[in-house]
Amino acid sequence: MNLMPTAAAPTASALQAYLPRPLIARCALAGAGASAVWSEWLAGSLMHCDISGFTAMSERLARRGNEGGELMAGILNRFFERMLGIAGEWGGLQMKFGGDAMLLYFGGDAHTQHAVAAALRMQRAMAAFATVEAGGERHALRMRIGVHSGRFFTASVGDPSGQLHYVISGRDVNWAAAVEARAPAGGVAVTDEVRQSLGGARCVPLGEGCWRVVRAPDAEPPDPLPVVVASPRLAAYLMPPFARAIAAGAAHHAPAEHRLITAVFINVLGVSELIEHDADTALEELDGYVRRVIAEADVHGGYLAASDASDDGDKLIVLFGAPVAAEQAELNALRFALAVNGAMVQAASSLRHRIGIATGYAFAGEIGSPSRREYTVIGDTVNLSARLMAAAPVGAVYLDAATAPRAIERFRLRALPALSVKGKQDAVRAFALEGERDEVPPVAAAEGVFVGRETELSALRGLCATAAARGRWAFVSGAAGIGKSRLLAEVAVAQRSAGWMTVRGAAVAHRSRTVFALWPEPLRALFGIEHAMDPQAAWERLREELARLVLDRAVFAPLVADVLSLPSEPEPMLAFLEARQRRELLVATLRAVLQRKAAERRLLLVLEDVHLADTASLELLGEIIRHAPRGLVVLVSARDRLPAAIDTASPI
């Protein structure tokens with residue numbers, strides 16, 4: 001999906017449906033000078049609804065491609081329009097969509113009566129959705145509803161100059177989620193606080209302070225709430241690409257589709273306890289935590305998409321691959337999780353967390369009614385991520401078997417005993433994430449037979465065949481997941497079988513601001529430096545190999561050591577050089593090394609995802625391909641256009 005970028009801000013009318021009314025009202029009351037970080041208490045009742053059947057429907061409709069996404073969206077929107085319409089008649093305000101779940105707030109003097117009246121009517125309306133037809137199949141839907149009254153902590157947190165996030169938290173929010181879990185399918189469960197306020201209601205005990213409401217006294221709907229207009233600055237509470245699409249007036253802000261995603265669920269623990277003890281400190285720590293999540297998601301190409309109520313702490317949902325496609329989504333999701341874990345270790349915070357990650361196809365798109373909508377994802381992948389989160393101990397990151405194959409070469413994983421999780425008949429395979437490996441794996445033969453791309457494969461092999469006469473290079477572009485890496489791997493394996501030396505490097509999003517971040521792995525391979533080497537031994541190897549290859553440039557070994565983050569012995573002649581001069585000497589040295597290595601043995605240099613590379617790395621690459629020596633072939637891949645720093649060197 002391509003979301004239209006724009007510098008404009010969404011209009012107030014465009015934003016109205018995408019934000020909960022309490023947030024709109026709070027910001028309207030505070031005015032233009034309002035702080036981005038604040039909290040307030042809402043007194044009333046919360047209704048938590050969970051609908052079963054949509055996940056199975058999503059999995060079946062995914063087989064129908066784009067048609068399946070449209071069918072899914074149609075049923076979801078028809079369902080939510082009906083349910084939100086009933087809730088709205090009784091004063092219910094949609095606070096959060098949790099995939100196919102809803103969290104609604106009821107305020108006013110008769111909030112419990114209104115919430116229960118709405119819940120019972122919603123369950124009666126489920127008769128029209130007990131079975132629905134989609135894609136030639138019939139699907140059963142069921143809904144559980146829980147209602148709890150109390151005081152609910154709401155807050156605005158995040159980056160004032162970037163993305164903000166609206167949260168609702170606290171013990172009473174946890175209770176609303178917990179009582180819903182105790183409701184039978186098709187039933188309405190309430191807590192003691194709600195039951196006692198109903199007067200004359202017929203209730204059946206469910207245990208642990210919860211009751212099923214069989215019948216409640218008649219109640220009068222509340223008067224309609226006055227209109228509150230959203231401020232354009234509230235666009236900061238939406239995912240940035242989604243806000244840009246709304247601002248551009250796109251006909252479809254996010255087309256309904258089944259797409260490959262990596263979903264990260266984070267269970268943040270300790271917020272409710274902190275709120276009870278000191279709400280100001282809770283706001284400060286929650287803001288710091290969410291701000292870190294937003295920052296790390298931005299660095300790694302993901303988006304904080306939502307937060308949701310939980311019976312144990314709070315849940316944050318971070319998406320990779322939606323609402324915009326992302327290359328290396330699984331790998332970047334794991335790096336994101338490690339970065340957030342590391343930040344928690346360093347921070348003096350009383351909050352704790354556990355994380356679940358899963359990869360697969362899921363429905364993604366806008367759901368809701370014309371008056372209240374959100375972008376969400378629904379499917380087995382999403383549910384599995386949540387289940388792995390719940391199974392993980394505090395401080396751990398669990399990932400599924402679909403994420404692991406892409407991760408095993410780059411990350412340290414520990415296989416877990418098969419896990420029994422809710423919603424799965426069979427135990428699931430899972431892995432614990434223990435860290436990232438230092439080295440980039442060499443190009444290896446991919447599993448399975450390579451089919452298709454005969455034209456491209458033939459062209460690249462032909463390019464290598466002419467390398468003896470002069471240096472050559474080629475640029476491979478294409479969308480995420482189209483098969484660039486597999487194509488390059490096929491070429492590399494063939495050339496290695498023919499006696500060539502093959503060296504690989506890959507740019508990654510979280511190092512896009514690190515100088516020369518594309519080059520450490522290729523340089524380690526060229527100089528024969530293994531990651532297991534002691535740093536001092538690695539420095540000695542670098543100095544000796546550089547002297548062997550280009551003796552007159554051995555004095556510049558410290559410049560190469562800097563790129564590799566190795567200790568080096570000081571060189572007096574380098575001490576007073578300006579940064580520009582040091583960079584020029586480094587570039588000239590590495591060009592000389594490549595020339596010598598290519599003369600000793602044909603050399604294939606594969607550099608992937610250079611659209612994620614830093615400017616210094618690209619400038620060095622540009623110099624190398626403009627002056628490629630005989631025997632050297634450089635294959636460069638990127639998502640779309642050739643980066644500007646190297647586009648003056650025409651591919652041969």
# chains A, B, ... in the order shown; residues from 1 in each chain; ligands from 1

call {"tool": "residues_around", "arguments": {"residues": "Thr589 in chain A", "least_positions_apart": "6", "cutoff": "12 Å", "atoms": "only C-alpha atoms", "output": "PyMOL selection string"}}
result
chain A and resi 523+546-547+549-560+582-583+595-596+620+623-624

call {"tool": "residues_around", "arguments": {"residues": "range 403-418 of chain A", "least_positions_apart": "5", "cutoff": "7 Å", "atoms": "only C-alpha atoms", "output": "CSV table (one decimal) with C-alpha atoms, in the first residue's frame"}}
result
chain,number,residue,atom,x,y,z
A,330,GLU,CA,10.7,-9.5,11.3
A,331,LEU,CA,14.4,-8.6,11.9
A,358,ALA,CA,4.5,-13.2,15.6
A,359,THR,CA,4.7,-13.0,11.8
A,427,ALA,CA,0.9,-26.7,21.4
A,428,VAL,CA,2.8,-24.1,19.5
A,429,ARG,CA,6.6,-23.9,18.8
A,430,ALA,CA,8.2,-20.8,20.2
A,431,PHE,CA,11.6,-19.3,20.8
A,432,ALA,CA,13.1,-16.9,23.3
A,433,LEU,CA,15.0,-14.0,21.9
A,434,GLU,CA,18.4,-13.7,23.7
A,435,GLY,CA,20.3,-11.1,21.6
A,436,GLU,CA,21.6,-10.1,18.2
A,437,ARG,CA,24.7,-11.7,16.7
A,440,VAL,CA,26.2,-10.5,9.2
A,441,PRO,CA,25.8,-14.0,7.8

call {"tool": "residues_around", "arguments": {"residues": "Gly68 in chain A", "least_positions_apart": "5", "cutoff": "10 Å", "atoms": "only C-alpha atoms", "output": "MDAnalysis selection string"}}
result
chainID A and resid 57:63 73:74 134:135 256:258 363

call {"tool": "closest_residue", "arguments": {"among": "A:Val382, A:Ala177, A:Ala216, A:Leu526", "to": "Gln113 in chain A", "atoms": "only C-alpha atoms"}}
result
A:Ala216

call {"tool": "closest_residue", "arguments": {"among": "A:Ala17, A:Ile86, A:Ala43, A:Ala183", "to": "Pro221 in chain A", "atoms": "only C-alpha atoms"}}
result
A:Ile86

call {"tool": "select_by_dssp", "arguments": {"residues": "range 222-408 of chain A", "states": "alpha helix (DSSP H)", "output": "short mmCIF file (atom, residue, chain, number, x, y, z; two decimals) with N, CA and C atoms, in the first residue's frame"}}
result
data_model
loop_
_atom_site.label_atom_id
_atom_site.label_comp_id
_atom_site.auth_asym_id
_atom_site.auth_seq_id
_atom_site.Cartn_x
_atom_site.Cartn_y
_atom_site.Cartn_z
N PRO A 240 1.80 8.22 12.02
CA PRO A 240 2.17 9.26 11.06
C PRO A 240 1.75 8.99 9.62
N PRO A 241 1.99 7.79 9.05
CA PRO A 241 1.57 7.60 7.66
C PRO A 241 0.06 7.65 7.49
N PHE A 242 -0.67 7.23 8.51
CA PHE A 242 -2.12 7.27 8.46
C PHE A 242 -2.60 8.72 8.52
N ALA A 243 -1.98 9.52 9.38
CA ALA A 243 -2.34 10.94 9.47
C ALA A 243 -2.05 11.66 8.16
N ARG A 244 -0.92 11.31 7.52
CA ARG A 244 -0.59 11.95 6.24
C ARG A 244 -1.60 11.59 5.16
N ALA A 245 -2.04 10.35 5.17
CA ALA A 245 -3.02 9.92 4.17
C ALA A 245 -4.35 10.65 4.37
N ILE A 246 -4.77 10.84 5.61
CA ILE A 246 -6.00 11.57 5.89
C ILE A 246 -5.85 13.02 5.45
N ALA A 247 -4.69 13.60 5.75
CA ALA A 247 -4.45 14.99 5.37
C ALA A 247 -4.48 15.18 3.87
N VAL A 271 1.82 -0.27 35.98
CA VAL A 271 1.20 1.05 35.82
C VAL A 271 0.07 1.23 36.81
N SER A 272 -0.81 0.22 36.93
CA SER A 272 -1.96 0.36 37.82
C SER A 272 -1.53 0.54 39.27
N GLU A 273 -0.53 -0.22 39.70
CA GLU A 273 -0.05 -0.08 41.07
C GLU A 273 0.53 1.31 41.31
N LEU A 274 1.24 1.81 40.32
CA LEU A 274 1.84 3.13 40.45
C LEU A 274 0.78 4.23 40.48
N ILE A 275 -0.27 4.07 39.68
CA ILE A 275 -1.36 5.05 39.68
C ILE A 275 -1.99 5.14 41.06
N GLU A 276 -2.22 4.01 41.71
CA GLU A 276 -2.83 4.02 43.04
C GLU A 276 -1.93 4.71 44.06
N HIS A 277 -0.64 4.55 43.89
CA HIS A 277 0.30 5.11 44.86
C HIS A 277 0.58 6.58 44.59
N ALA A 279 -0.21 9.14 41.18
CA ALA A 279 -0.64 9.31 39.78
C ALA A 279 0.34 10.18 38.99
N ASP A 280 0.95 11.17 39.64
CA ASP A 280 1.90 12.03 38.92
C ASP A 280 3.13 11.25 38.50
N THR A 281 3.64 10.41 39.40
CA THR A 281 4.79 9.58 39.05
C THR A 281 4.41 8.56 37.97
N ALA A 282 3.19 8.04 38.06
CA ALA A 282 2.72 7.10 37.04
C ALA A 282 2.72 7.75 35.66
N LEU A 283 2.23 9.00 35.60
CA LEU A 283 2.22 9.71 34.33
C LEU A 283 3.64 9.90 33.80
N GLU A 284 4.55 10.27 34.68
CA GLU A 284 5.94 10.51 34.28
C GLU A 284 6.59 9.23 33.74
N GLU A 285 6.40 8.12 34.46
CA GLU A 285 7.05 6.88 34.03
C GLU A 285 6.38 6.29 32.78
N LEU A 286 5.05 6.38 32.71
CA LEU A 286 4.36 5.89 31.52
C LEU A 286 4.73 6.72 30.30
N ASP A 287 4.83 8.02 30.47
CA ASP A 287 5.25 8.88 29.37
C ASP A 287 6.65 8.51 28.89
N GLY A 288 7.57 8.31 29.83
CA GLY A 288 8.93 7.93 29.45
C GLY A 288 8.97 6.61 28.72
N TYR A 289 8.16 5.66 29.17
CA TYR A 289 8.16 4.35 28.53
C TYR A 289 7.58 4.43 27.12
N VAL A 290 6.41 5.06 26.98
CA VAL A 290 5.77 5.14 25.66
C VAL A 290 6.62 5.96 24.70
N ARG A 291 7.26 7.00 25.23
CA ARG A 291 8.12 7.81 24.37
C ARG A 291 9.27 6.96 23.82
N ARG A 292 9.82 6.09 24.66
CA ARG A 292 10.90 5.21 24.19
C ARG A 292 10.38 4.23 23.14
N VAL A 293 9.19 3.68 23.36
CA VAL A 293 8.61 2.75 22.39
C VAL A 293 8.41 3.43 21.05
N ILE A 294 7.87 4.66 21.06
CA ILE A 294 7.64 5.40 19.82
C ILE A 294 8.97 5.67 19.11
N ALA A 295 9.98 6.10 19.88
CA ALA A 295 11.28 6.43 19.29
C ALA A 295 11.93 5.19 18.67
N GLU A 296 11.92 4.07 19.40
CA GLU A 296 12.55 2.86 18.87
C GLU A 296 11.76 2.30 17.69
N ALA A 297 10.44 2.41 17.73
CA ALA A 297 9.64 1.96 16.59
C ALA A 297 9.99 2.78 15.36
N ASP A 298 10.15 4.08 15.53
CA ASP A 298 10.50 4.95 14.40
C ASP A 298 11.86 4.58 13.82
N VAL A 299 12.83 4.33 14.67
CA VAL A 299 14.18 3.97 14.22
C VAL A 299 14.16 2.66 13.43
N HIS A 300 13.32 1.73 13.87
CA HIS A 300 13.34 0.39 13.29
C HIS A 300 12.24 0.16 12.25
N ALA A 329 10.91 -6.85 7.99
CA ALA A 329 10.01 -6.51 9.09
C ALA A 329 10.29 -7.36 10.33
N GLU A 330 10.51 -8.68 10.13
CA GLU A 330 10.75 -9.54 11.28
C GLU A 330 12.02 -9.15 12.02
N LEU A 331 13.09 -8.92 11.23
CA LEU A 331 14.38 -8.59 11.86
C LEU A 331 14.30 -7.26 12.60
N ASN A 332 13.66 -6.28 11.99
CA ASN A 332 13.56 -4.98 12.64
C ASN A 332 12.66 -5.03 13.87
N ALA A 333 11.64 -5.90 13.84
CA ALA A 333 10.80 -6.06 15.03
C ALA A 333 11.61 -6.63 16.19
N LEU A 334 12.50 -7.58 15.90
CA LEU A 334 13.32 -8.16 16.96
C LEU A 334 14.33 -7.14 17.48
N ARG A 335 14.90 -6.36 16.58
CA ARG A 335 15.83 -5.31 17.04
C ARG A 335 15.10 -4.29 17.90
N PHE A 336 13.88 -3.96 17.50
CA PHE A 336 13.06 -3.05 18.30
C PHE A 336 12.84 -3.61 19.70
N ALA A 337 12.48 -4.89 19.79
CA ALA A 337 12.23 -5.50 21.09
C ALA A 337 13.48 -5.50 21.96
N LEU A 338 14.64 -5.80 21.37
CA LEU A 338 15.89 -5.77 22.13
C LEU A 338 16.22 -4.36 22.61
N ALA A 339 15.95 -3.37 21.75
CA ALA A 339 16.24 -1.99 22.13
C ALA A 339 15.35 -1.54 23.28
N VAL A 340 14.07 -1.90 23.24
CA VAL A 340 13.16 -1.54 24.33
C VAL A 340 13.56 -2.28 25.60
N ASN A 341 13.95 -3.54 25.46
CA ASN A 341 14.43 -4.30 26.63
C ASN A 341 15.65 -3.63 27.24
N GLY A 342 16.58 -3.24 26.37
CA GLY A 342 17.79 -2.58 26.88
C GLY A 342 17.49 -1.28 27.56
N ALA A 343 16.54 -0.52 27.03
CA ALA A 343 16.17 0.75 27.65
C ALA A 343 15.56 0.54 29.03
N MET A 344 14.81 -0.55 29.19
CA MET A 344 14.20 -0.84 30.50
C MET A 344 15.26 -1.18 31.53
N VAL A 345 16.29 -1.88 31.08
CA VAL A 345 17.38 -2.24 32.01
C VAL A 345 18.10 -0.98 32.50
N GLN A 346 18.31 -0.03 31.58
CA GLN A 346 19.04 1.19 31.92
C GLN A 346 18.21 2.19 32.71
N ASP A 380 -4.97 -14.59 13.03
CA ASP A 380 -4.31 -15.53 13.93
C ASP A 380 -2.92 -15.04 14.34
N THR A 381 -2.25 -14.35 13.42
CA THR A 381 -0.92 -13.81 13.74
C THR A 381 -1.00 -12.84 14.91
N VAL A 382 -2.01 -11.99 14.88
CA VAL A 382 -2.19 -10.99 15.95
C VAL A 382 -2.48 -11.70 17.27
N ASN A 383 -3.39 -12.67 17.23
CA ASN A 383 -3.73 -13.39 18.45
C ASN A 383 -2.54 -14.15 19.02
N LEU A 384 -1.76 -14.77 18.12
CA LEU A 384 -0.61 -15.55 18.59
C LEU A 384 0.42 -14.64 19.25
N SER A 385 0.63 -13.46 18.69
CA SER A 385 1.55 -12.51 19.31
C SER A 385 1.11 -12.18 20.73
N ALA A 386 -0.21 -11.97 20.92
CA ALA A 386 -0.73 -11.68 22.25
C ALA A 386 -0.57 -12.87 23.18
N ARG A 387 -0.78 -14.07 22.66
CA ARG A 387 -0.64 -15.27 23.51
C ARG A 387 0.81 -15.50 23.93
N LEU A 388 1.74 -15.26 23.00
CA LEU A 388 3.16 -15.41 23.35
C LEU A 388 3.56 -14.38 24.39
N MET A 389 3.03 -13.16 24.26
CA MET A 389 3.28 -12.13 25.27
C MET A 389 2.82 -12.61 26.64
N ALA A 390 1.62 -13.18 26.70
CA ALA A 390 1.08 -13.63 27.98
C ALA A 390 1.89 -14.79 28.56
N ALA A 391 2.47 -15.62 27.69
CA ALA A 391 3.24 -16.78 28.15
C ALA A 391 4.65 -16.42 28.60
N ALA A 404 11.07 -17.08 13.41
CA ALA A 404 12.39 -17.63 13.71
C ALA A 404 13.27 -17.91 12.49
N PRO A 405 12.76 -18.48 11.38
CA PRO A 405 13.68 -18.80 10.27
C PRO A 405 14.43 -17.61 9.72
N ARG A 406 13.76 -16.45 9.63
CA ARG A 406 14.45 -15.25 9.16
C ARG A 406 15.43 -14.72 10.20
N ALA A 407 15.20 -15.06 11.46
CA ALA A 407 15.98 -14.46 12.55
C ALA A 407 17.18 -15.29 12.96
#

call {"tool": "residues_around", "arguments": {"residues": "Ile378 in chain A", "least_positions_apart": "3", "cutoff": "7 Å", "atoms": "only C-alpha atoms", "output": "list in words"}}
result
Thr55, Gly99, Asp100, Ala362, Phe363, Ala364 and Val382 of chain A

call {"tool": "closest_residue", "arguments": {"among": "A:Asp400, A:Glu70, A:Glu40, A:Glu540", "to": "Ala263 in chain A", "atoms": "only C-alpha atoms"}}
result
A:Asp400

call {"tool": "residues_around", "arguments": {"residues": "range 566-576 of chain A", "least_positions_apart": "4", "cutoff": "7 Å", "atoms": "only C-alpha atoms", "output": "PyMOL selection string"}}
result
chain A and resi 535-536+539+558+561-562

call {"tool": "write_last_selection", "arguments": {"atoms": "C-alpha atoms", "output": "PDB file, in the first residue's frame"}}
result
ATOM      1  CA  PRO A 535      39.941  -6.870  19.737  1.00  0.00           C
ATOM      2  CA  GLN A 536      43.708  -6.586  20.015  1.00  0.00           C
ATOM      3  CA  TRP A 539      43.755  -5.021  15.186  1.00  0.00           C
ATOM      4  CA  PRO A 558      43.825   3.249  12.234  1.00  0.00           C
ATOM      5  CA  ALA A 561      40.056   0.314  12.566  1.00  0.00           C
ATOM      6  CA  ASP A 562      37.700   3.199  13.357  1.00  0.00           C
TER       7      ASP A 562
END

call {"tool": "select_by_dssp", "arguments": {"residues": "range 249-279 of chain A", "states": "strand (DSSP E or B)", "output": "number ranges by chain"}}
result
A: 257-269
